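Visitor: The structure is given below, and queries will be raised subsequently.
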Amino acid sequence: MTLPTLATLRLRSAALPALCSAALAALAAWQPAQAASMNVGAQICYVDVGQTCYQDSRTSPMEVGVQVNDGPNYASVVQDWGVFHADAMVSFSGRVTPGHGEGVRATAGGTTVDTWTLGGHTGMGYLKLIWTVTGATQTSGSGPGYSSTAFLDLDVTTYAKMPENTSANGYATTGPLYGGRTVEMQGTIPFWFGLPIRVTTSDYVYVSTGTDDSYIGTSFSGLAQASFGHTAVLTGIVAYDPQGQVLDNLSISAESGTNYPLS
């Protein structure tokens, strides 16, 4: 997978939807011959005059994970069907050059690609996905021009076959999560009963700490940690009709063979 990276260490919440959309755009194309698959990646990057990164990645048709460590900094991830574990921490302490950005960031993420076919009704419907997340974030730092950021993000893009050789795209996201909770993804996921829908789930934690070029001090100490190793789990799938009525007696046949949770 392509892990999200930033030109600077300062990350604003308003930039997150664009970041997620860009990371997922290449995965939205329909690939009927592609088997269900998952991949993971972890990365630690140090930013000074240039950028030095340490990273690892894996691809598999079943549960897969990687871990990258460098001193106190680490990023680790395990991806499964509807289950995501990830932890990352970075710390930065020492002298810095005023007017020159320095710091460290880490990302750990995974992607699954599966095909679902829903049964139990006819016609068009919409999906609502519910995740239960356990974990927390921690950040510290001080001084003008510093930034310490930590969050978890879950995104789903879909491509659904429709009658008469038409199709429909869908997108839903939790947005950045800073602690554990049960969350309903926001977005629209259309599908047609009896026809396949390609579901791409992208999950990642992001942490960074450091200074940008507006920092005026001579030393900096900061920490960012995202602890979500106790999992983010897809705990509910709800279908409803175009009038907004919830549909019961559903079934899902998944290319991966996963028994996804129906609410």
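Residue numbers start at 1 in each chain; chains themselves are named A, B, ... in the order of the structure tokens; ligands are numbered from 1 in the order shown.
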What's the 8 Å shell around Glu255 of chain A, counting only C-alpha atoms, without same-chain residues fewer than 4 positions away, as JSON, numbers by chain?

Guide: {"A": [35, 36, 114, 115, 116]}

Visitor: So which residues touch Thr166 of chain A within 12 Å, counting only C-alpha atoms, skipping near sequence neighbours fewer than 5 positions away, as a PyMOL selection string?

Guide: chain A and resi 159-161+191-192+195

Visitor: Next, dump the selected residues to file, keeping only C-alpha atoms, as a short mmCIF file (atom, residue, chain, number, x, y, z; two decimals), in the first residue's frame.

Guide:
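In the end it all went to part-v3.cif:
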```cif
data_model
loop_
_atom_site.label_atom_id
_atom_site.label_comp_id
_atom_site.auth_asym_id
_atom_site.auth_seq_id
_atom_site.Cartn_x
_atom_site.Cartn_y
_atom_site.Cartn_z
CA TYR A 159 -17.49 -0.06 -6.72
CA ALA A 160 -20.85 -1.79 -7.22
CA LYS A 161 -22.23 -3.49 -10.31
CA PHE A 191 -25.25 -1.60 -4.07
CA TRP A 192 -27.69 -3.86 -5.93
CA LEU A 195 -24.72 -8.21 -7.95
#
```

Visitor: Excluding Ala226 of chain A and its own-chain neighbours fewer than 4 positions away, which residues fall within 7 Å of it when counting only C-alpha atoms? Please give them as a PyMOL selection string.

Guide: chain A and resi 87-89+136-138+150-151+205+207

Visitor: Write to file, as a PDB file, in the first residue's frame, the residues of the selection just made, with N, CA, C and O atoms.

Guide:
```
ATOM      1  N   ASP A  87      -0.172   0.201  16.102  1.00  0.00           N
ATOM      2  CA  ASP A  87       0.432   1.047  17.127  1.00  0.00           C
ATOM      3  C   ASP A  87       1.576   1.821  16.488  1.00  0.00           C
ATOM      4  O   ASP A  87       2.294   1.278  15.631  1.00  0.00           O
ATOM      5  N   ALA A  88       1.766   3.052  16.928  1.00  0.00           N
ATOM      6  CA  ALA A  88       2.916   3.828  16.465  1.00  0.00           C
ATOM      7  C   ALA A  88       3.276   4.857  17.525  1.00  0.00           C
ATOM      8  O   ALA A  88       2.389   5.400  18.205  1.00  0.00           O
ATOM      9  N   MET A  89       4.570   5.122  17.674  1.00  0.00           N
ATOM     10  CA  MET A  89       5.031   6.158  18.597  1.00  0.00           C
ATOM     11  C   MET A  89       6.295   6.790  18.045  1.00  0.00           C
ATOM     12  O   MET A  89       7.163   6.096  17.498  1.00  0.00           O
ATOM     13  N   ALA A 136      -6.211   4.591  22.259  1.00  0.00           N
ATOM     14  CA  ALA A 136      -6.098   5.984  22.677  1.00  0.00           C
ATOM     15  C   ALA A 136      -4.878   6.618  22.027  1.00  0.00           C
ATOM     16  O   ALA A 136      -3.987   5.926  21.536  1.00  0.00           O
ATOM     17  N   THR A 137      -4.863   7.943  22.011  1.00  0.00           N
ATOM     18  CA  THR A 137      -3.719   8.694  21.505  1.00  0.00           C
ATOM     19  C   THR A 137      -3.149   9.566  22.618  1.00  0.00           C
ATOM     20  O   THR A 137      -3.837   9.916  23.578  1.00  0.00           O
ATOM     21  N   GLN A 138      -1.882   9.932  22.457  1.00  0.00           N
ATOM     22  CA  GLN A 138      -1.203  10.807  23.407  1.00  0.00           C
ATOM     23  C   GLN A 138      -0.253  11.703  22.644  1.00  0.00           C
ATOM     24  O   GLN A 138       0.473  11.247  21.759  1.00  0.00           O
ATOM     25  N   ALA A 150      -1.496  12.650  16.494  1.00  0.00           N
ATOM     26  CA  ALA A 150      -1.686  11.208  16.539  1.00  0.00           C
ATOM     27  C   ALA A 150      -3.159  10.904  16.313  1.00  0.00           C
ATOM     28  O   ALA A 150      -4.025  11.519  16.938  1.00  0.00           O
ATOM     29  N   PHE A 151      -3.464   9.961  15.400  1.00  0.00           N
ATOM     30  CA  PHE A 151      -4.852   9.592  15.164  1.00  0.00           C
ATOM     31  C   PHE A 151      -4.931   8.259  14.428  1.00  0.00           C
ATOM     32  O   PHE A 151      -3.944   7.758  13.875  1.00  0.00           O
ATOM     33  N   VAL A 205      -2.803   4.321  11.269  1.00  0.00           N
ATOM     34  CA  VAL A 205      -2.500   5.269  12.337  1.00  0.00           C
ATOM     35  C   VAL A 205      -1.376   6.167  11.835  1.00  0.00           C
ATOM     36  O   VAL A 205      -0.514   5.738  11.065  1.00  0.00           O
ATOM     37  N   VAL A 207       1.353   9.287  13.344  1.00  0.00           N
ATOM     38  CA  VAL A 207       1.890  10.066  14.458  1.00  0.00           C
ATOM     39  C   VAL A 207       3.037  10.922  13.951  1.00  0.00           C
ATOM     40  O   VAL A 207       3.793  10.515  13.064  1.00  0.00           O
TER      41      VAL A 207
END
```

Visitor: Rounded to one decimal place, report the atom CA of Thr235 of chain A-atom CA of Tyr260 of chain A distance in Å.

Guide: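 Between these atoms lies a distance of 8.1 Å.
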
Visitor: Just asking: which residues within segment 8-230 of chain A are strand (DSSP E) according to DSSP, as JSON, numbers by chain?

Guide: {"A": [37, 38, 39, 40, 41, 42, 43, 44, 45, 46, 47, 51, 52, 53, 54, 55, 56, 57, 58, 59, 60, 64, 65, 66, 67, 68, 69, 70, 73, 74, 75, 76, 77, 78, 79, 80, 83, 84, 85, 86, 87, 88, 89, 90, 91, 92, 93, 94, 95, 102, 103, 104, 105, 106, 107, 108, 109, 110, 111, 112, 113, 114, 115, 116, 117, 118, 119, 124, 125, 126, 127, 128, 129, 130, 131, 132, 133, 136, 137, 138, 139, 140, 146, 147, 148, 149, 150, 151, 152, 153, 154, 155, 156, 157, 158, 159, 160, 161, 162, 166, 167, 168, 169, 170, 171, 172, 173, 182, 183, 184, 186, 187, 188, 189, 190, 191, 192, 196, 197, 198, 199, 200, 201, 202, 203, 204, 205, 206, 207, 208, 209, 210, 211, 219, 220, 221, 222, 223, 224, 225, 226, 227, 228, 229, 230]}

Visitor: Nearest to Thr139 of chain A among A:Ile252, A:Ile237, A:Ile216, A:Ala224, with distances taken over only C-alpha atoms: which residue is it?

Guide: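 The closest residue to Thr139 of chain A is A:Ala224.
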
Visitor: Which of segment 9-254 of chain A end up as alpha helix (DSSP H) when DSSP is run on this backbone - answer as a ChimeraX atom specification?

Guide: /A:16-25

Visitor: Counting only C-alpha atoms, what is within 10 Å of segment 108-111 of chain A, bar same-chain residues fewer than 4 positions away, as a ChimeraX atom specification?

Guide: /A:1-4,24,27,37-44,55-59,64-68,74-81,84-88,152-156,200-207,226

Visitor: Between A:Leu118, A:Ser256, A:Phe193, A:Tyr178, which has the minimum distance to Ser60 of chain A (counting only C-alpha atoms)?

Guide: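 Smallest separation from Ser60 of chain A among the options: A:Ser256.
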
Visitor: Given only C-alpha atoms as the basis, pick out the residue of A:Tyr215, A:Met124, A:Ser91, A:Thr149 nearest to Ser167 of chain A.

Guide: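 Once distances to Ser167 of chain A are computed over only C-alpha atoms, the minimum belongs to A:Met124.
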
Visitor: How many Å lie between atom CA of Gln186 of chain A and atom CA of Thr134 of chain A, rounded to one decimal?

Guide: 19.1 Å

Visitor: For segment 244-250 of chain A, please output as a ChimeraX atom specification all residues within 7 Å (counting only C-alpha atoms; exclusion window: fewer than 5 positions along the same chain).

Guide: /A:118-120,239

Visitor: From the set A:Met162, A:Val133, A:Cys53, A:Leu223, which residue has the shortest atom-to-atom contact distance to Gly82 of chain A, counting only C-alpha atoms?

Guide: A:Val133
